[in-house]
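File shown: my_file_20.cif (mmCIF, C-alpha atoms).
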```cif
data_model
#
loop_
_atom_site.label_atom_id
_atom_site.label_comp_id
_atom_site.auth_asym_id
_atom_site.auth_seq_id
_atom_site.Cartn_x
_atom_site.Cartn_y
_atom_site.Cartn_z
CA GLY A 715 0.00 0.00 0.00
CA VAL A 716 2.78 2.42 0.86
CA VAL A 717 4.55 1.76 -2.45
CA CYS A 718 1.27 2.27 -4.33
CA VAL A 719 0.64 5.61 -2.60
CA ILE A 720 4.19 6.80 -3.35
CA THR A 721 3.80 5.77 -6.99
CA LEU A 722 0.43 7.54 -7.17
CA LEU A 723 1.97 10.74 -5.77
CA GLU A 724 4.39 10.62 -8.71
CA HIS A 725 1.39 10.83 -11.10
CA HIS A 726 2.07 7.33 -12.41
CA MET A 727 -1.43 5.86 -12.33
CA SER A 728 -0.63 2.86 -14.53
CA GLY A 729 2.31 1.87 -12.32
CA THR A 730 0.08 2.22 -9.29
CA ILE A 731 -2.60 0.00 -10.82
CA ILE A 732 -0.06 -2.64 -11.83
CA LEU A 733 1.64 -2.67 -8.41
CA PHE A 734 -1.69 -2.85 -6.59
CA LEU A 735 -3.06 -5.68 -8.73
CA ILE A 736 0.14 -7.71 -8.41
CA GLY A 737 0.37 -7.14 -4.65
CA ALA A 738 -3.29 -7.86 -3.96
CA SER A 739 -3.26 -10.96 -6.15
CA MET A 740 -0.10 -12.29 -4.51
CA ILE A 741 -1.60 -11.75 -1.05
CA PHE A 742 -4.82 -13.47 -2.15
CA MET A 743 -2.88 -16.42 -3.60
CA SER A 744 -1.05 -16.84 -0.30
CA GLY A 745 -4.36 -17.58 1.40
CA ALA A 746 -5.46 -14.20 2.80
CA ASN A 747 -9.11 -13.54 3.59
CA TRP A 748 -10.81 -12.28 0.44
CA LYS A 749 -13.23 -10.09 2.42
CA ILE A 750 -10.39 -8.11 3.94
CA LEU A 751 -8.73 -7.80 0.53
CA ALA A 752 -12.00 -6.65 -1.04
CA THR A 753 -12.39 -3.99 1.65
CA ILE A 754 -8.83 -2.75 1.14
CA GLY A 755 -9.37 -2.83 -2.64
CA GLY A 756 -12.55 -0.79 -2.28
CA VAL A 757 -10.79 1.83 -0.17
CA PHE A 758 -7.88 1.93 -2.62
CA GLY A 759 -10.25 2.15 -5.59
CA ALA A 760 -12.21 5.00 -3.99
CA GLY A 761 -8.97 6.83 -3.27
CA ALA A 762 -7.73 6.32 -6.82
CA LEU A 763 -11.07 7.52 -8.20
CA GLY A 764 -10.84 10.62 -6.00
CA VAL A 765 -7.36 11.35 -7.31
CA MET A 766 -8.57 10.91 -10.89
CA LEU A 767 -11.58 13.18 -10.48
CA PHE A 768 -9.91 15.95 -8.50
CA THR A 769 -6.54 16.40 -10.20
CA ASN A 770 -6.21 18.36 -13.43
CA TYR A 771 -3.64 15.92 -14.78
CA MET A 772 -6.03 12.96 -14.66
CA LYS A 773 -9.09 15.00 -15.68
CA LYS A 774 -7.34 15.97 -18.92
CA ARG A 775 -6.54 12.33 -19.64
CA ILE A 776 -10.13 11.27 -18.99
CA ASP A 777 -11.48 14.06 -21.23
CA ALA A 778 -9.05 13.05 -23.98
CA TRP A 779 -10.12 9.43 -23.52
CA LEU A 780 -13.85 10.14 -23.77
CA HIS A 781 -13.58 12.55 -26.71
CA PRO A 782 -10.12 12.35 -28.32
CA GLU A 783 -11.29 14.23 -31.40
CA LEU A 784 -12.20 17.28 -29.29
CA TYR A 785 -8.93 17.42 -27.34
CA LEU A 786 -6.34 16.99 -30.06
CA GLN A 787 -4.16 19.78 -28.66
CA THR A 788 -4.38 18.76 -25.00
CA GLY A 789 -3.89 15.00 -24.89
CA GLY A 790 -6.29 13.53 -27.42
CA TRP A 791 -3.89 13.41 -30.36
CA GLN A 792 -2.21 10.13 -29.41
CA PRO A 793 -5.38 8.09 -28.77
CA TYR A 794 -7.03 9.60 -31.86
CA GLN A 795 -4.10 8.69 -34.12
CA SER A 796 -3.90 5.26 -32.51
CA LEU A 797 -7.53 4.57 -33.40
CA LEU A 798 -6.93 5.77 -36.97
CA ALA A 799 -3.98 3.39 -37.28
CA ILE A 800 -5.97 0.47 -35.90
CA GLY A 801 -8.90 1.22 -38.19
CA SER A 802 -6.70 1.33 -41.28
CA GLY A 803 -5.09 -2.07 -40.58
CA GLY A 804 -7.89 -4.23 -41.89
CA LEU A 805 -7.71 -8.02 -41.83
CA PHE A 806 -4.09 -8.49 -42.98
CA GLY A 807 -2.65 -4.99 -42.55
CA LYS A 808 -0.66 -2.75 -44.84
CA GLY A 809 2.50 -4.84 -44.62
CA ILE A 810 5.58 -4.78 -42.40
CA GLY A 811 7.15 -1.33 -42.43
CA ALA A 812 4.24 0.21 -44.35
CA SER A 813 2.67 2.10 -41.44
CA ALA A 814 2.06 5.73 -42.29
CA THR A 815 1.03 6.61 -38.75
CA LYS A 816 4.41 5.84 -37.17
CA LEU A 817 6.16 8.34 -39.45
CA GLY A 818 5.07 11.37 -37.46
CA ASN A 819 1.36 11.32 -36.80
CA LEU A 820 1.66 9.10 -33.72
CA PRO A 821 4.17 10.57 -31.24
CA GLU A 822 6.43 8.03 -29.50
CA SER A 823 4.86 5.18 -31.49
CA GLN A 824 7.76 2.89 -30.52
CA ASN A 825 6.79 3.03 -26.84
CA ASP A 826 3.32 2.57 -25.39
CA MET A 827 1.46 2.89 -28.73
CA ILE A 828 3.41 0.22 -30.62
CA PHE A 829 0.37 -2.07 -30.58
CA SER A 830 -1.51 0.31 -32.91
CA VAL A 831 1.41 0.20 -35.37
CA ILE A 832 1.35 -3.61 -35.22
CA VAL A 833 -2.38 -3.61 -35.99
CA GLU A 834 -1.88 -1.19 -38.87
CA GLU A 835 0.98 -3.19 -40.39
CA LEU A 836 -0.15 -6.78 -39.66
CA GLY A 837 -3.91 -6.38 -39.30
CA VAL A 838 -6.24 -8.52 -37.23
CA PHE A 839 -4.40 -11.68 -38.28
CA GLY A 840 -1.09 -10.35 -36.94
CA VAL A 841 -2.70 -9.23 -33.69
CA VAL A 842 -4.25 -12.66 -33.14
CA CYS A 843 -0.79 -14.21 -33.68
CA LEU A 844 0.76 -11.76 -31.20
CA ILE A 845 -1.92 -12.47 -28.59
CA LEU A 846 -1.43 -16.22 -29.08
CA MET A 847 2.30 -15.77 -28.44
CA TYR A 848 1.53 -13.95 -25.18
CA VAL A 849 -0.95 -16.67 -24.21
CA LEU A 850 1.67 -19.37 -24.88
CA LEU A 851 4.27 -17.50 -22.79
CA LEU A 852 1.82 -16.98 -19.93
CA TRP A 853 0.71 -20.61 -20.08
CA ARG A 854 4.34 -21.75 -19.76
CA ILE A 855 4.86 -19.43 -16.78
CA TYR A 856 1.68 -20.81 -15.23
CA MET A 857 2.95 -24.37 -15.68
CA ILE A 858 6.23 -23.40 -14.00
CA ALA A 859 4.25 -21.98 -11.07
CA VAL A 860 2.14 -25.14 -10.76
CA ASN A 861 5.14 -27.49 -10.96
CA ALA A 862 7.57 -25.49 -8.79
CA LYS A 863 9.28 -27.54 -6.07
CA ASP A 864 8.77 -24.94 -3.35
CA MET A 865 6.37 -22.12 -2.47
CA PHE A 866 8.94 -19.40 -3.21
CA GLY A 867 9.39 -20.60 -6.79
CA SER A 868 5.66 -20.91 -7.24
CA PHE A 869 4.97 -17.39 -5.94
CA LEU A 870 7.83 -15.96 -8.00
CA ALA A 871 6.34 -17.45 -11.17
CA ILE A 872 2.86 -16.24 -10.17
CA GLY A 873 4.24 -12.71 -9.71
CA VAL A 874 5.88 -12.76 -13.14
CA PHE A 875 2.67 -14.15 -14.66
CA LEU A 876 0.59 -11.40 -13.05
CA HIS A 877 2.99 -8.63 -14.05
CA LEU A 878 3.14 -9.66 -17.69
CA SER A 879 -0.57 -10.37 -18.05
CA VAL A 880 -1.68 -7.13 -16.36
CA GLN A 881 0.78 -5.04 -18.39
CA VAL A 882 -0.20 -6.66 -21.70
CA ILE A 883 -3.92 -6.27 -21.01
CA LEU A 884 -3.59 -2.65 -19.83
CA ASN A 885 -1.51 -1.69 -22.87
CA MET A 886 -3.94 -3.24 -25.33
CA LEU A 887 -6.94 -1.64 -23.60
CA VAL A 888 -5.26 1.79 -23.61
CA VAL A 889 -4.19 1.59 -27.26
CA THR A 890 -7.71 0.60 -28.34
CA ASN A 891 -9.06 3.49 -26.21
CA VAL A 892 -11.05 1.25 -23.86
CA LEU A 893 -9.14 2.85 -20.95
CA PRO A 894 -7.57 6.32 -20.60
CA ASN A 895 -3.97 6.68 -21.71
CA THR A 896 -1.72 5.65 -18.84
CA GLY A 897 1.66 5.08 -20.47
CA VAL A 898 1.97 1.30 -20.05
CA THR A 899 4.43 -0.31 -22.44
CA LEU A 900 3.86 -3.60 -24.28
CA PRO A 901 6.25 -6.19 -22.79
CA PHE A 902 8.99 -7.49 -25.12
CA ILE A 903 7.72 -5.31 -27.96
CA SER A 904 7.97 -1.65 -26.91
CA TYR A 905 11.26 0.22 -27.30
CA GLY A 906 13.91 -1.13 -24.98
CA GLY A 907 13.40 -4.83 -25.67
CA SER A 908 11.80 -6.15 -22.51
CA SER A 909 10.44 -2.67 -21.58
CA LEU A 910 9.92 -3.94 -18.04
#
```

Would you encode the structure as structure tokens?
Amino acid sequence: GVVCVITLLEHHMSGTIILFLIGASMIFMSGANWKILATIGGVFGAGALGVMLFTNYMKKRIDAWLHPELYLQTGGWQPYQSLLAIGSGGLFGKGIGASATKLGNLPESQNDMIFSVIVEELGVFGVVCLILMYVLLLWRIYMIAVNAKDMFGSFLAIGVFLHLSVQVILNMLVVTNVLPNTGVTLPFISYGGSSL
């Protein structure tokens, strides 16, 4: 909780969400009472909602999320261009390296918005292949957790599983504008290799 609050004070909402979900899930997996965890989660969620609604920084992101076309100058440009890239990808995409959006319309496309470039270049087929690769990786990590010889190894694998799955899901939801832009990178794809 302390680490989450410190991260939240740094205006890093996505990091706060990831840390909270990993921590709460790990505590739940260790056998903690789910009612106590739900109460703590409710308090944390209410606090996070309060921060989002009463800070200008988060209000701008929420406005840009709800109506990116109206806030192109103040935060809506990136989600708007991301949606245009995704929409132009079609079933099989424009081809590897043929993305027009990454050449200037989508700022920092190599970081947290790389998924939209992948959709534009490889289309729905490419995205399904990418998701299947993540599912295969997560399944292998799950099998390691299940077959670990001790609790430490099992919990370590569970933590890695949770971190990767939460980060992949958050990135894909942000890029498709289901959630407000939070700056979560796509593991093993975004600039920096692992990006973790």

- prompt: Applied to this file, what does the PyMOL selection byres ((chain A and resi 813-827) around 8) return in terms of residues, put as a VMD selection string?
  reply: chain A and resid 791 to 792 795 to 796 799 808 to 812 828 to 831 834 to 835 885 889 897 to 900 904 to 905

- Do you know which residues the PyMOL selection byres ((chain A and resi 731) around 10) returns on this file, as an NGL selection string? :A and (718 or 721-722 or 726-730 or 732-737 or 758-759 or 762 or 880-881 or 884 or 896)

For the selection just defined, write its residues with C-alpha atoms to a file, as a CSV table (one decimal), in the coordinates of the input.
```csv
chain,number,residue,atom,x,y,z
A,718,CYS,CA,1.3,2.3,-4.3
A,721,THR,CA,3.8,5.8,-7.0
A,722,LEU,CA,0.4,7.5,-7.2
A,726,HIS,CA,2.1,7.3,-12.4
A,727,MET,CA,-1.4,5.9,-12.3
A,728,SER,CA,-0.6,2.9,-14.5
A,729,GLY,CA,2.3,1.9,-12.3
A,730,THR,CA,0.1,2.2,-9.3
A,732,ILE,CA,-0.1,-2.6,-11.8
A,733,LEU,CA,1.6,-2.7,-8.4
A,734,PHE,CA,-1.7,-2.8,-6.6
A,735,LEU,CA,-3.1,-5.7,-8.7
A,736,ILE,CA,0.1,-7.7,-8.4
A,737,GLY,CA,0.4,-7.1,-4.6
A,758,PHE,CA,-7.9,1.9,-2.6
A,759,GLY,CA,-10.2,2.2,-5.6
A,762,ALA,CA,-7.7,6.3,-6.8
A,880,VAL,CA,-1.7,-7.1,-16.4
A,881,GLN,CA,0.8,-5.0,-18.4
A,884,LEU,CA,-3.6,-2.6,-19.8
A,896,THR,CA,-1.7,5.6,-18.8
```

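Take atom CA of A:Ile750 and atom CA of A:Met857: the distance between them is 28.8 Å.
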
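Among A:Asn895, A:Pro782, A:Gly873, A:Val765, the residue with the shortest atom-to-atom distance to A:Ala738, counting all atoms listed in the file, is A:Gly873.
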
Separating atom CA of A:Val833 from atom CA of A:Leu784, to the nearest tenth of an Å, is a gap of 24.0 Å

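For the atom pair formed by atom CA of A:Val838 and atom CA of A:Tyr856, the distance is 26.4 Å, given to one decimal.
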
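Running the PyMOL selection byres ((chain A and resi 852) around 9) on this file leaves Met847, Tyr848, Val849, Leu850, Leu851, Trp853, Arg854, Ile855, Tyr856, Met857, Val874, Phe875, Leu876, Leu878 and Ser879 of chain A selected.
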
Item to complete: Give me the residues within 9 Å of A:His781 as a PyMOL selection string, counting only C-alpha atoms and dropping any in the same chain fewer than 5 places off.
Response: chain A and resi 776+790+794

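Omitting stretch 751-754 of chain A and its sequence neighbours fewer than 6 positions away, and counting only C-alpha atoms, the residues within 12 Å are A:Gly715, A:Phe734, A:Leu735, A:Gly737, A:Ala738, A:Ser739, A:Met740, A:Ile741, A:Phe742, A:Met743, A:Ser744, A:Gly745, A:Ala760, A:Gly761.
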
Env of A:Ile858: 9 Å cut, atoms = all atoms listed in the file, seq-sep filter 4 positions within chain, self excluded. Answer as a PyMOL selection string.
chain A and resi 853-854+862+867-868+871-872
